[in-house]
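One file, final32.tsv, is given below (TSV, C-alpha atoms and all ligand atoms).
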```
chain	number	residue	atom	x	y	z
A	1	MET	CA	-1.52	1.61	6.99
A	2	ASN	CA	-4.80	2.03	8.84
A	3	GLU	CA	-8.22	0.44	8.44
A	4	GLY	CA	-9.25	2.84	5.68
A	5	GLY	CA	-6.41	1.54	3.51
A	6	ARG	CA	-4.49	4.80	3.56
A	7	THR	CA	-1.10	5.55	5.04
A	8	PRO	CA	-0.75	8.32	7.65
A	9	ALA	CA	1.62	10.41	5.47
A	10	LEU	CA	3.41	10.60	2.14
A	11	ARG	CA	6.81	8.93	2.25
A	12	GLY	CA	8.97	11.39	0.32
A	13	LYS	CA	9.61	15.11	-0.17
A	14	ASP	CA	8.67	14.81	-3.88
A	15	LEU	CA	5.78	13.68	-6.07
A	16	LEU	CA	7.38	12.21	-9.19
A	17	GLU	CA	5.03	9.47	-10.40
A	18	LEU	CA	2.14	7.23	-9.41
A	19	GLU	CA	4.05	4.06	-10.30
A	20	SER	CA	6.03	4.15	-7.06
A	21	LEU	CA	3.23	5.41	-4.78
A	22	GLU	CA	1.55	2.90	-2.51
A	23	PRO	CA	-2.23	2.57	-2.90
A	24	GLY	CA	-2.51	3.87	0.68
A	25	GLU	CA	-0.70	7.08	-0.30
A	26	ILE	CA	-3.04	7.59	-3.25
A	27	GLN	CA	-6.00	6.99	-0.95
A	28	LEU	CA	-4.61	9.56	1.50
A	29	ILE	CA	-4.31	12.22	-1.23
A	30	LEU	CA	-7.86	11.55	-2.47
A	31	GLU	CA	-9.30	11.75	1.05
A	32	THR	CA	-7.37	14.94	1.77
A	33	ALA	CA	-8.59	16.55	-1.48
A	34	ARG	CA	-12.27	16.13	-0.54
A	35	PRO	CA	-12.43	18.81	2.19
A	36	MET	CA	-10.17	21.04	0.07
A	37	LEU	CA	-13.05	21.40	-2.42
A	38	SER	CA	-14.90	23.56	0.09
A	39	VAL	CA	-12.44	26.36	-0.61
A	40	PHE	CA	-14.52	27.20	-3.70
A	41	SER	CA	-17.67	27.86	-1.65
A	42	ARG	CA	-16.01	29.97	1.04
A	43	PRO	CA	-16.36	33.75	0.92
A	44	VAL	CA	-12.62	33.96	1.63
A	45	LYS	CA	-10.97	31.42	-0.65
A	46	LYS	CA	-7.86	30.89	1.46
A	47	TYR	CA	-6.56	28.65	4.24
A	48	PRO	CA	-3.54	29.86	6.23
A	49	THR	CA	-1.77	26.46	6.18
A	50	LEU	CA	1.25	27.25	4.00
A	51	ARG	CA	1.79	30.89	4.96
A	52	GLY	CA	5.46	31.79	4.51
A	53	ARG	CA	6.17	28.89	2.13
A	54	ILE	CA	7.18	29.38	-1.51
A	55	MET	CA	6.17	27.30	-4.55
A	56	VAL	CA	7.88	27.88	-7.89
A	57	ASN	CA	6.28	26.93	-11.21
A	58	LEU	CA	9.09	25.98	-13.61
A	59	PHE	CA	7.50	25.04	-16.92
A	60	TYR	CA	9.64	24.25	-19.97
A	61	GLU	CA	6.53	23.30	-21.97
A	62	PRO	CA	3.22	25.14	-22.44
A	63	SER	CA	0.41	24.60	-19.94
A	64	THR	CA	-2.89	26.22	-19.06
A	65	ARG	CA	-4.61	23.89	-16.58
A	66	THR	CA	-1.68	22.47	-14.62
A	67	ARG	CA	0.30	25.67	-14.15
A	68	THR	CA	-2.76	27.75	-13.27
A	69	SER	CA	-4.25	25.19	-10.90
A	70	PHE	CA	-0.95	24.72	-9.06
A	71	GLU	CA	-0.82	28.50	-8.64
A	72	LEU	CA	-4.41	28.64	-7.38
A	73	ALA	CA	-3.82	25.65	-5.08
A	74	ALA	CA	-0.72	27.20	-3.51
A	75	LYS	CA	-2.39	30.59	-3.12
A	76	SER	CA	-5.48	28.97	-1.58
A	77	LEU	CA	-3.16	27.59	1.10
A	78	SER	CA	-1.55	31.05	1.50
A	79	ALA	CA	1.81	30.07	-0.01
A	80	ASP	CA	3.71	32.57	-2.15
A	81	VAL	CA	3.99	31.63	-5.81
A	82	VAL	CA	6.69	32.46	-8.33
A	83	ASN	CA	6.19	31.67	-12.01
A	84	ILE	CA	9.38	31.28	-14.04
A	85	ALA	CA	9.01	32.04	-17.73
A	86	THR	CA	11.80	29.87	-19.12
A	87	THR	CA	11.86	31.88	-22.35
A	88	THR	CA	12.95	35.04	-20.47
A	89	SER	CA	15.01	33.44	-17.68
A	90	SER	CA	18.74	32.67	-17.59
A	91	VAL	CA	17.89	29.31	-19.12
A	92	THR	CA	18.16	31.14	-22.45
A	93	LYS	CA	21.79	32.06	-21.56
A	94	GLY	CA	22.67	28.41	-21.16
A	95	GLU	CA	22.06	27.92	-17.43
A	96	SER	CA	21.48	24.24	-16.72
A	97	LEU	CA	18.30	22.89	-15.22
A	98	ALA	CA	20.13	21.84	-12.05
A	99	ASP	CA	21.72	25.30	-11.65
A	100	THR	CA	18.35	26.95	-12.25
A	101	ALA	CA	16.79	24.77	-9.54
A	102	ARG	CA	19.63	25.41	-7.07
A	103	THR	CA	19.24	29.15	-7.70
A	104	LEU	CA	15.52	28.91	-7.00
A	105	GLU	CA	16.23	26.93	-3.85
A	106	ALA	CA	18.76	29.56	-2.69
A	107	LEU	CA	15.99	32.13	-3.14
A	108	GLY	CA	13.81	30.15	-0.75
A	109	ALA	CA	11.72	27.77	-2.89
A	110	ASP	CA	10.12	25.02	-0.80
A	111	TRP	CA	8.65	23.26	-3.86
A	112	ILE	CA	9.58	23.32	-7.53
A	113	VAL	CA	6.74	22.28	-9.84
A	114	LEU	CA	8.46	21.14	-13.03
A	115	ARG	CA	7.14	20.41	-16.51
A	116	HIS	CA	9.73	19.25	-19.02
A	117	SER	CA	9.78	17.51	-22.38
A	118	ALA	CA	12.38	14.95	-21.22
A	119	SER	CA	11.13	11.93	-19.31
A	120	GLY	CA	12.89	11.58	-15.95
A	121	THR	CA	13.83	15.25	-15.52
A	122	PRO	CA	11.86	15.72	-12.24
A	123	ALA	CA	13.51	12.62	-10.73
A	124	PHE	CA	16.92	13.95	-11.77
A	125	LEU	CA	16.17	17.34	-10.21
A	126	ALA	CA	14.82	15.81	-7.01
A	127	ARG	CA	18.29	14.37	-6.36
A	128	GLN	CA	19.94	17.77	-6.89
A	129	VAL	CA	17.93	19.90	-4.45
A	130	ARG	CA	16.54	19.68	-0.93
A	131	ALA	CA	13.32	21.40	-2.04
A	132	GLY	CA	10.39	19.17	-2.93
A	133	VAL	CA	9.97	18.50	-6.63
A	134	ILE	CA	6.53	17.92	-8.10
A	135	ASN	CA	6.28	16.44	-11.58
A	136	ALA	CA	3.84	18.50	-13.67
A	137	GLY	CA	4.37	16.24	-16.70
A	138	ASP	CA	7.68	14.85	-18.02
A	139	GLY	CA	7.92	13.71	-21.61
A	140	SER	CA	5.94	10.54	-22.14
A	141	HIS	CA	6.66	9.30	-18.64
A	142	GLU	CA	4.00	10.49	-16.15
A	143	HIS	CA	1.71	13.36	-15.15
A	144	PRO	CA	0.94	12.25	-11.59
A	145	THR	CA	-1.32	15.09	-10.45
A	146	GLN	CA	-3.42	14.63	-13.61
A	147	GLY	CA	-3.72	10.93	-12.75
A	148	LEU	CA	-4.75	11.83	-9.21
A	149	LEU	CA	-7.37	14.36	-10.32
A	150	ASP	CA	-8.75	11.80	-12.76
A	151	LEU	CA	-9.09	9.28	-9.91
A	152	PHE	CA	-10.70	11.93	-7.71
A	153	THR	CA	-13.18	12.86	-10.47
A	154	ILE	CA	-14.17	9.22	-11.01
A	155	LEU	CA	-14.55	8.71	-7.26
A	156	ARG	CA	-16.82	11.75	-6.91
A	157	ARG	CA	-18.99	10.85	-9.91
A	158	LYS	CA	-19.14	7.06	-9.44
A	159	GLY	CA	-18.69	6.72	-5.68
A	160	ARG	CA	-15.94	4.13	-6.15
A	161	ILE	CA	-12.95	3.22	-8.31
A	162	ALA	CA	-12.45	-0.48	-7.52
A	163	GLY	CA	-14.30	-2.76	-9.89
A	164	LEU	CA	-14.91	-0.14	-12.60
A	165	ARG	CA	-13.87	-0.80	-16.18
A	166	VAL	CA	-12.10	2.27	-17.58
A	167	GLY	CA	-11.11	2.78	-21.23
A	168	LEU	CA	-8.18	5.02	-22.16
A	169	VAL	CA	-8.65	5.93	-25.84
A	170	GLY	CA	-6.19	7.32	-28.35
A	171	ASP	CA	-2.47	8.02	-28.39
A	172	ILE	CA	-1.45	5.74	-25.53
A	173	LEU	CA	2.12	5.56	-26.84
A	174	HIS	CA	3.05	9.19	-26.19
A	175	SER	CA	0.64	9.94	-23.35
A	176	ARG	CA	2.05	10.65	-19.89
A	177	VAL	CA	-1.58	11.00	-18.74
A	178	ALA	CA	-2.36	7.44	-19.88
A	179	ARG	CA	0.63	6.14	-18.00
A	180	SER	CA	-0.32	7.86	-14.72
A	181	ASP	CA	-3.97	6.86	-15.17
A	182	LEU	CA	-2.94	3.25	-15.79
A	183	TRP	CA	-0.90	3.04	-12.60
A	184	GLY	CA	-3.39	4.95	-10.47
A	185	LEU	CA	-6.47	3.09	-11.68
A	186	THR	CA	-4.99	-0.39	-11.35
A	187	LYS	CA	-3.51	0.35	-7.92
A	188	MET	CA	-6.99	1.43	-6.80
A	189	GLY	CA	-8.62	-1.73	-8.17
A	190	ALA	CA	-10.06	-0.64	-11.52
A	191	GLU	CA	-9.76	-2.61	-14.73
A	192	VAL	CA	-8.15	-0.68	-17.61
A	193	VAL	CA	-8.64	-1.16	-21.35
A	194	LEU	CA	-6.07	0.59	-23.59
A	195	ILE	CA	-7.81	1.41	-26.87
A	196	GLY	CA	-6.27	2.88	-30.01
A	197	PRO	CA	-4.67	2.07	-33.34
A	198	PRO	CA	-1.90	-0.55	-33.10
A	199	THR	CA	0.73	2.06	-33.97
A	200	LEU	CA	-0.23	4.10	-30.89
A	201	ILE	CA	-0.19	1.25	-28.38
A	202	PRO	CA	3.16	0.94	-26.56
A	203	VAL	CA	5.35	-2.01	-27.37
A	204	GLU	CA	5.92	-2.72	-23.67
A	205	VAL	CA	2.20	-3.31	-23.24
A	206	GLU	CA	2.16	-5.57	-26.30
A	207	ASN	CA	5.11	-7.43	-24.78
A	208	LEU	CA	3.12	-8.00	-21.60
A	209	VAL	CA	0.39	-9.45	-23.77
A	210	GLN	CA	2.73	-11.56	-25.83
A	211	THR	CA	4.62	-12.96	-22.83
A	212	GLY	CA	1.34	-14.06	-21.35
A	213	SER	CA	1.53	-11.88	-18.27
A	214	PRO	CA	-1.48	-12.52	-16.05
A	215	ALA	CA	-2.29	-8.81	-15.95
A	216	ALA	CA	-2.43	-7.90	-19.61
A	217	THR	CA	-4.26	-9.69	-22.37
A	218	ALA	CA	-5.27	-8.67	-25.85
A	219	ALA	CA	-8.96	-8.13	-26.38
A	220	SER	CA	-8.20	-8.40	-30.08
A	221	PRO	CA	-5.26	-9.99	-31.94
A	222	VAL	CA	-1.99	-8.13	-31.54
A	223	PRO	CA	-0.12	-7.49	-34.78
A	224	PRO	CA	3.63	-6.95	-34.68
A	225	SER	CA	4.41	-3.42	-33.55
A	226	ALA	CA	4.56	-1.03	-36.44
A	227	THR	CA	6.53	1.57	-34.53
A	228	GLY	CA	9.37	-0.36	-33.01
A	229	SER	CA	9.52	2.17	-30.19
A	230	ALA	CA	8.78	1.37	-26.58
A	231	TRP	CA	6.86	3.48	-24.10
A	232	PRO	CA	9.83	5.58	-23.04
A	233	SER	CA	11.30	5.10	-19.61
A	234	PRO	CA	13.09	8.00	-17.91
A	235	PRO	CA	16.51	8.42	-19.55
A	236	LEU	CA	17.88	10.58	-16.72
A	237	ALA	CA	16.70	8.40	-13.88
A	238	PRO	CA	16.61	4.82	-15.02
A	239	ALA	CA	14.68	3.02	-12.32
A	240	PRO	CA	14.92	-0.76	-12.45
A	241	PRO	CA	11.64	-1.90	-13.96
A	242	PRO	CA	9.56	-4.27	-11.89
A	243	ALA	CA	9.96	-7.91	-12.87
A	244	SER	CA	6.45	-7.67	-14.16
A	245	ALA	CA	4.32	-4.55	-14.11
A	246	SER	CA	1.33	-6.70	-13.42
A	247	ALA	CA	2.94	-8.44	-10.47
A	248	SER	CA	3.92	-5.06	-9.05
A	249	MET	CA	0.41	-3.70	-9.46
A	250	SER	CA	-1.17	-6.79	-7.99
A	251	ALA	CA	1.19	-6.83	-5.01
A	252	ALA	CA	0.57	-3.16	-4.29
A	253	ALA	CA	-3.16	-3.60	-4.51
A	254	ALA	CA	-3.07	-6.70	-2.34
A	255	ALA	CA	-1.07	-4.81	0.27
A	256	ALA	CA	-3.85	-2.23	0.36
A	257	GLY	CA	-6.51	-4.87	0.68
A	258	VAL	CA	-7.81	-4.06	-2.80
A	259	SER	CA	-8.71	-7.08	-4.88
A	260	LEU	CA	-7.80	-6.55	-8.53
A	261	PRO	CA	-10.05	-7.87	-11.26
A	262	HIS	CA	-8.32	-10.44	-13.43
A	263	PRO	CA	-6.90	-9.38	-15.78
A	264	PRO	CA	-6.63	-5.67	-14.87
A	265	VAL	CA	-5.18	-4.48	-18.20
A	266	THR	CA	-6.36	-5.35	-21.70
A	267	VAL	CA	-5.64	-3.90	-25.13
A	268	SER	CA	-8.16	-3.32	-27.90
A	269	TYR	CA	-7.96	-1.71	-31.33
A	270	ASP	CA	-11.75	-1.78	-31.71
A	271	LEU	CA	-13.48	0.99	-29.77
A	272	GLU	CA	-16.94	0.08	-31.07
A	273	SER	CA	-16.85	-3.44	-29.63
A	274	VAL	CA	-15.37	-2.43	-26.25
A	275	LEU	CA	-17.43	0.71	-25.62
A	276	PRO	CA	-20.58	-1.07	-24.27
A	277	THR	CA	-18.48	-2.70	-21.52
A	278	LEU	CA	-17.01	0.53	-20.14
A	279	ASP	CA	-18.05	2.49	-17.03
A	280	VAL	CA	-15.66	5.38	-17.77
A	281	VAL	CA	-13.90	6.52	-20.93
A	282	GLN	CA	-10.95	8.91	-20.87
A	283	VAL	CA	-10.38	10.33	-24.35
A	284	LEU	CA	-6.75	11.34	-24.91
A	285	ARG	CA	-5.51	14.22	-27.00
A	286	LEU	CA	-4.75	13.31	-30.58
A	287	GLN	CA	-1.12	14.40	-30.83
A	288	LEU	CA	-1.20	15.95	-34.28
A	289	GLU	CA	2.50	16.79	-34.04
A	290	ARG	CA	3.13	13.02	-34.36
A	291	GLN	CA	1.31	12.91	-37.65
A	292	LYS	CA	4.51	13.69	-39.56
A	293	ARG	CA	5.94	10.42	-38.23
A	294	GLY	CA	3.15	8.53	-39.96
A	295	LEU	CA	1.74	6.80	-36.89
A	296	PHE	CA	-1.75	6.97	-38.34
A	297	PRO	CA	-2.87	7.52	-41.93
A	298	SER	CA	-4.85	10.73	-41.40
A	299	ALA	CA	-6.68	12.65	-38.71
A	300	GLN	CA	-9.90	11.96	-40.60
A	301	GLU	CA	-9.36	8.20	-40.60
A	302	TYR	CA	-8.45	8.28	-36.92
A	303	SER	CA	-11.64	10.22	-36.26
A	304	GLU	CA	-13.78	7.69	-38.11
A	305	LEU	CA	-12.60	4.90	-35.83
A	306	TYR	CA	-11.95	6.58	-32.49
A	307	ARG	CA	-13.88	9.88	-32.21
A	308	LEU	CA	-16.63	9.95	-29.62
A	309	ASP	CA	-19.90	11.86	-29.92
A	310	SER	CA	-23.35	11.38	-28.38
A	311	GLU	CA	-24.89	9.77	-31.47
A	312	ARG	CA	-22.07	7.25	-31.67
A	313	LEU	CA	-22.33	6.43	-27.95
A	314	GLN	CA	-25.99	5.60	-28.45
A	315	ARG	CA	-25.48	3.63	-31.69
A	316	TRP	CA	-22.59	1.62	-30.23
A	317	GLY	CA	-24.53	0.77	-27.08
A	318	ALA	CA	-22.65	2.71	-24.40
A	319	LYS	CA	-23.96	2.32	-20.84
A	320	PRO	CA	-26.45	5.11	-19.98
A	321	ASP	CA	-24.22	6.20	-17.10
A	322	LEU	CA	-20.93	6.04	-19.02
A	323	LEU	CA	-18.71	8.83	-17.67
A	324	VAL	CA	-16.79	10.72	-20.38
A	325	MET	CA	-13.50	12.41	-19.48
A	326	HIS	CA	-10.68	14.23	-21.26
A	327	PRO	CA	-7.56	15.64	-19.57
A	328	GLY	CA	-7.36	18.55	-22.04
A	329	PRO	CA	-6.40	20.31	-24.11
A	330	ALA	CA	-8.90	18.70	-26.50
A	331	ASN	CA	-9.00	18.79	-30.29
A	332	LEU	CA	-12.76	19.28	-30.38
A	333	GLY	CA	-14.28	17.58	-33.40
A	334	LEU	CA	-11.34	15.23	-33.91
A	335	GLU	CA	-11.18	12.94	-30.86
A	336	ILE	CA	-14.38	14.15	-29.15
A	337	SER	CA	-17.30	16.29	-30.36
A	338	GLU	CA	-17.93	19.66	-28.77
A	339	GLU	CA	-21.48	18.69	-27.82
A	340	LEU	CA	-20.34	15.53	-25.99
A	341	ALA	CA	-17.56	17.44	-24.24
A	342	ASN	CA	-20.19	19.89	-22.92
A	343	SER	CA	-22.90	17.28	-22.19
A	344	PRO	CA	-24.04	16.07	-18.73
A	345	ARG	CA	-22.08	12.83	-19.31
A	346	SER	CA	-18.88	14.82	-19.50
A	347	ALA	CA	-16.75	15.48	-16.41
A	348	ILE	CA	-14.23	17.64	-18.26
A	349	ARG	CA	-14.97	20.86	-16.36
A	350	GLU	CA	-15.01	18.95	-13.06
A	351	GLN	CA	-11.60	17.52	-13.90
A	352	VAL	CA	-10.26	21.07	-14.14
A	353	GLN	CA	-11.87	22.18	-10.85
A	354	ASN	CA	-10.89	19.00	-9.05
A	355	GLY	CA	-7.31	19.66	-10.15
A	356	VAL	CA	-7.08	22.57	-7.73
A	357	ALA	CA	-8.32	20.53	-4.75
A	358	VAL	CA	-6.03	17.60	-5.56
A	359	ARG	CA	-3.00	19.88	-5.94
A	360	MET	CA	-3.88	21.58	-2.65
A	361	ALA	CA	-3.92	18.12	-1.04
A	362	VAL	CA	-0.55	17.24	-2.55
A	363	LEU	CA	1.08	20.48	-1.33
A	364	TYR	CA	-0.55	20.13	2.07
A	365	LEU	CA	0.66	16.55	2.54
A	366	LEU	CA	4.16	17.21	1.18
A	367	ALA	CA	4.36	20.01	3.76
A	368	GLY	CA	3.74	17.38	6.45
A	369	GLY	CA	0.00	17.92	6.83
A	370	ARG	CA	-1.95	15.35	8.78
A	371	PRO	CA	-4.59	13.10	7.17
A	372	ALA	CA	-7.99	14.16	5.97
A	373	GLN	CA	-10.02	13.96	9.18
A	374	ASP	CA	-7.77	16.60	10.73
A	375	THR	CA	-7.70	18.83	7.68
A	376	GLU	CA	-10.81	20.90	8.28
A	377	THR	CA	-9.99	21.70	11.90
A	378	GLN	CA	-6.36	22.41	11.06
A	379	THR	CA	-7.00	24.57	8.08
A	380	GLY	CA	-10.44	25.93	8.67
B	1	LIG	N1	-4.04	18.33	-18.76
B	1	LIG	C1	-2.98	19.17	-18.86
B	1	LIG	O1	-1.86	18.86	-18.47
B	1	LIG	O2	-3.28	20.39	-19.40
B	1	LIG	P1	-2.24	21.60	-19.58
B	1	LIG	O3	-1.25	21.18	-20.62
B	1	LIG	O4	-3.10	22.77	-19.99
B	1	LIG	O5	-1.58	21.82	-18.25
```

Show this structure as structure tokens.
Amino acid sequence: MNEGGRTPALRGKDLLELESLEPGEIQLILETARPMLSVFSRPVKKYPTLRGRIMVNLFYEPSTRTRTSFELAAKSLSADVVNIATTTSSVTKGESLADTARTLEALGADWIVLRHSASGTPAFLARQVRAGVINAGDGSHEHPTQGLLDLFTILRRKGRIAGLRVGLVGDILHSRVARSDLWGLTKMGAEVVLIGPPTLIPVEVENLVQTGSPAATAASPVPPSATGSAWPSPPLAPAPPPASASASMSAAAAAAGVSLPHPPVTVSYDLESVLPTLDVVQVLRLQLERQKRGLFPSAQEYSELYRLDSERLQRWGAKPDLLVMHPGPANLGLEISEELANSPRSAIREQVQNGVAVRMAVLYLLAGGRPAQDTETQTG
């Protein structure tokens, strides 16, 4: 690792999660994404870097932002892009995921960008093929490029990540975005507050609180879990969990020379009381499909306690420069008002645009690209 805290290259052929990335690797991706943004202001919106390479989008779940921005990112670097519609592919004839991937690899795929409902599927696939596998969201596990673009957006708006207090609000339990944000933010030195109803806070986080881990404390009393279900870990690729998530995060941050605030992770069920302390709030999608499982009484009741709008921010004493984010797709009016989502406080549109630059950086680095200071001369 060099003086800037970043490593000279990514370690693997794949991008599967932020949990196992070193802070220096995250730093490298963020630094590489910065010059990539200039692609939007160029008359010719292409760099020749990945000419002759092939990226395949293999999405088993719906997506607008991730699939499109991966396609734009690859095309901006002159790669060829193939989009597989799983509903019309041989998947419908019973072809397995591994066979599908090997077929794509035989056809020349250099990278397979995979979204799947099962946690751990990208890690499973990465062991089956020589092509690079990029996780575009797997079950409730992680959505690493979303986590990276969230970090990049905060960095551009706030000028730093370390030392900020960031609230993740809503359905933490089922959110792969929350999980990637949590790992990315804490590795880069931010303090994270997980905010939501007790039924939507993962048991494993409550366990950290209850076992008195130095990294997670309850900002309000923790009732016994009402769900009995843990934040799922990948069933297809069971990685041994760190002895303590907090120890792992602290060690990684220390290795990067980042000093973590103590404690870096807290839990609160009371948005109103925590809001005035936050520098950034990431509102998560209210997963209405979970409603049938009775994890919250009603969307209306959820909204009364956790919806954000400009009037509420003012009444609850939010900082004037509080940055409001949402990974999308948003249920406007339920978890966030339309006017707040479109207000100057909101970075939602920037998140979408930054997603292209971050995904360009990921592809560029996975292809063996050199660090950021060389990027403009190499690709320009
Ligand atoms: N944030 C996100 O993953 O959006 P999509 O589902 O539209 O890709």

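Neighbouring residues of ligand LIG 1 (chain B) at a cut-off of 6 Å, counting all atoms listed in the file, are Ser63, Thr64, Arg65, Thr66, Arg67, Pro327, Gly328 and Pro329 of chain A.
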
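With all atoms listed in the file as the basis for measurement, A:Val133 is the residue among A:Ser298, A:Val133, A:Thr100, A:Leu200 that approaches A:Gly12 most closely.
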
Practice item. Record the distance separating atom CA of A:Asp110 and atom CA of A:Ala123, expressed in Å with one decimal. Key: 16.2 Å

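With all atoms listed in the file as the atoms that count, the minimum distance from A:Leu30 to the choices A:Pro197, A:Gly108, A:Gly5, A:Gly167 is reached by A:Gly5.
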
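Distance-wise, atom CA of A:Ala131 and atom CA of A:Val91 end up 19.4 Å apart.
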
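Residue nearest A:Glu350, chosen from A:Glu191, A:Asp150, A:Glu22, A:Glu338 and counting all atoms listed in the file: A:Asp150.
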
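Take the candidates A:Met325, A:Ala162, A:Ala106, A:Ala74 and check each one against A:Arg345 using all atoms listed in the file; the shortest distance goes to A:Met325.
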
Check your understanding: Contacts of A:Leu15 at 12 Å or less, counting all atoms listed in the file, minus same-chain residues fewer than 6 places along, as a ChimeraX atom specification?
Key -> /A:21,25-26,29,111-114,122-123,125-126,131-137,142-148,359,361-363,365-367

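The coordinates place atom CA of A:Val274 at 8.5 Å from atom CA of A:Ile195.
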
What are the centre and edge lengths in Å, to one decimal, of the axis-aligned box around all listed atoms of stretch 13-16 of chain A with 4 Å added on each side, as AutoDock Vina command-line options?
```
--center_x 7.7 --center_y 13.7 --center_z -4.7 --size_x 11.8 --size_y 10.9 --size_z 17.0
```

Which residues are close to stretch 93-96 of chain A, i.e. within 12 Å by all atoms listed in the file, leaving aside same-chain residues fewer than 6 positions away? Reply as a short mmCIF file (atom, residue, chain, number, x, y, z; two decimals) with C-alpha atoms, in the frame of the given file.
```cif
data_model
loop_
_atom_site.label_atom_id
_atom_site.label_comp_id
_atom_site.auth_asym_id
_atom_site.auth_seq_id
_atom_site.Cartn_x
_atom_site.Cartn_y
_atom_site.Cartn_z
CA THR A 86 11.80 29.87 -19.12
CA THR A 87 11.86 31.88 -22.35
CA ARG A 102 19.63 25.41 -7.07
CA THR A 103 19.24 29.15 -7.70
CA THR A 121 13.83 15.25 -15.52
CA LEU A 125 16.17 17.34 -10.21
CA GLN A 128 19.94 17.77 -6.89
#
```
